[in-house]
Amino acid sequence: MRLSALIGPGSWGLYALGLVPAAWTFYLAVSDQLGADPLKILERFLGLWALRFLVLGLAITPLRRFGGVNLIRYRRTLGVLAFAYALLHVVVYVWLDQALDLTAILKDIWKRPYITIGLLAFLILIPLAVTSNATMIKRLGAAAWQKLHRWVYLAATAAAVHFVMLVKTWQAEPLIYAAIVAALLATRAIRPQRPERTKARS
């Protein structure tokens, strides 16, 4: 079997590889190797990987436009992995942290803005994940599909802000991620200059 079939774009092998950090961290949590507050570390780790995959997905267009590297076939996989980690992040919070206590969860959403913003990012990712397949592209039409999936810009921004607000102090790591997201979004407004063609001499 060829390597591309195992870890090529959209392959199960590539999805499995992308979920290795989650599996390893769950193992550390179950084996009591995540320190004094394993739930907090597990939540943040899963959320961080969701943000990382969002950043990687956003980087594909600038890499193709300015670097000539075409990884467009991997964008769907990165988007699905970002959603998978965001879903795990939410499940750990709702189920393990809050014990499915709806009242406590609603209070958190109302009183803690960083949770509200994080929930916004997650809710945006849901329709993007649902419509990430070729069938939905045909059903929605290319133009409508592209318009819908531009909402990933807001999701990534909300996720970065969520991370910055979460730590409550000015730490370097969340600020770096926020700066990377801002830079990747800014490149969308920049058009690479094409070399001017020299006019043929008459």
# chains A, B, ... in the order shown; residues from 1 in each chain; ligands from 1
call {"tool": "residues_around", "arguments": {"residues": "Ala159 in chain A", "least_positions_apart": "3", "cutoff": "6 Å", "atoms": "only C-alpha atoms", "output": "PyMOL selection string"}}
result
chain A and resi 118+121+156+162
call {"tool": "residues_around", "arguments": {"residues": "Ala59 in chain A", "least_positions_apart": "4", "cutoff": "8 Å", "atoms": "only C-alpha atoms", "output": "short mmCIF file (atom, residue, chain, number, x, y, z; two decimals) with N, CA, C and O atoms, in the first residue's frame"}}
result
data_model
loop_
_atom_site.label_atom_id
_atom_site.label_comp_id
_atom_site.auth_asym_id
_atom_site.auth_seq_id
_atom_site.Cartn_x
_atom_site.Cartn_y
_atom_site.Cartn_z
N VAL A 55 -5.09 27.44 12.84
CA VAL A 55 -3.97 28.23 12.31
C VAL A 55 -3.37 27.55 11.09
O VAL A 55 -3.08 28.21 10.07
N LEU A 63 0.44 30.31 2.05
CA LEU A 63 1.55 29.48 1.55
C LEU A 63 1.46 29.28 0.05
O LEU A 63 2.46 29.32 -0.66
N LEU A 184 -2.22 36.03 9.51
CA LEU A 184 -2.76 35.17 8.46
C LEU A 184 -4.02 35.75 7.85
O LEU A 184 -4.24 35.65 6.64
#
call {"tool": "atom_distance", "arguments": {"atom1": "CA of Leu96 in chain A", "atom2": "CA of Leu119 in chain A"}}
result
16.9 Å
call {"tool": "atom_distance", "arguments": {"atom1": "CA of Gln98 in chain A", "atom2": "CA of Ile41 in chain A"}}
result
15.0 Å
call {"tool": "closest_residue", "arguments": {"among": "A:Val161, A:Thr25, A:Pro127, A:Val91", "to": "Ala182 in chain A", "atoms": "only C-alpha atoms"}}
result
A:Val161
call {"tool": "select_by_dssp", "arguments": {"residues": "range 8-191 of chain A", "states": "helix (DSSP H, G or I)", "output": "VMD selection string"}}
result
chain A and resid 12 to 18 20 to 30 38 to 67 72 to 97 102 to 111 113 to 130 134 to 140 142 to 149 152 to 167 172 to 189
call {"tool": "atom_distance", "arguments": {"atom1": "CA of Trp110 in chain A", "atom2": "CA of Gly79 in chain A"}}
result
28.1 Å
call {"tool": "closest_residue", "arguments": {"among": "A:Met136, A:Ala129, A:Leu123, A:Leu166", "to": "Arg44 in chain A", "atoms": "only C-alpha atoms"}}
result
A:Leu166
call {"tool": "closest_residue", "arguments": {"among": "A:Pro38, A:His149, A:Ala84, A:Ala189", "to": "Asn133 in chain A", "atoms": "only C-alpha atoms"}}
result
A:His149
call {"tool": "residues_around", "arguments": {"residues": "Ala134 in chain A", "least_positions_apart": "5", "cutoff": "12 Å", "atoms": "only C-alpha atoms", "output": "MDAnalysis selection string"}}
result
chainID A and resid 10 76 129 139:142 145
call {"tool": "decode", "arguments": {"residues": "range 146-185 of chain A", "atoms": "C-alpha atoms", "output": "compact mmCIF listing (two decimals), in the first residue's frame"}}
result
# COMPACT_ATOMS: atom_id res chain seq x y z
CA GLN A 146 -17.16 29.46 0.02
CA LYS A 147 -19.16 32.29 1.59
CA LEU A 148 -20.19 30.03 4.49
CA HIS A 149 -16.67 28.78 5.08
CA ARG A 150 -15.27 32.29 5.33
CA TRP A 151 -16.82 32.24 8.81
CA VAL A 152 -13.73 30.28 9.81
CA TYR A 153 -11.99 33.68 10.01
CA LEU A 154 -14.34 34.71 12.82
CA ALA A 155 -14.03 31.30 14.49
CA ALA A 156 -10.23 31.51 14.51
CA THR A 157 -10.34 35.08 15.82
CA ALA A 158 -12.77 34.12 18.59
CA ALA A 159 -10.64 31.09 19.50
CA ALA A 160 -7.51 33.25 19.75
CA VAL A 161 -9.31 35.86 21.88
CA HIS A 162 -10.71 33.04 24.04
CA PHE A 163 -7.14 31.82 24.66
CA VAL A 164 -5.84 35.30 25.51
CA MET A 165 -8.70 35.96 27.96
CA LEU A 166 -8.44 32.48 29.48
CA VAL A 167 -4.96 32.94 30.95
CA LYS A 168 -5.97 36.26 32.57
CA THR A 169 -2.38 37.54 32.51
CA TRP A 170 -0.23 38.83 29.68
CA GLN A 171 1.57 35.63 28.77
CA ALA A 172 3.56 35.23 25.58
CA GLU A 173 2.00 32.05 24.15
CA PRO A 174 -1.63 33.22 23.69
CA LEU A 175 -0.42 36.57 22.37
CA ILE A 176 1.79 34.82 19.82
CA TYR A 177 -1.15 32.73 18.59
CA ALA A 178 -3.33 35.84 18.40
CA ALA A 179 -0.64 37.63 16.39
CA ILE A 180 -0.29 34.67 14.01
CA VAL A 181 -4.05 34.55 13.42
CA ALA A 182 -4.11 38.31 12.81
CA ALA A 183 -1.20 38.08 10.38
CA LEU A 184 -2.76 35.17 8.46
CA LEU A 185 -6.05 37.02 8.15
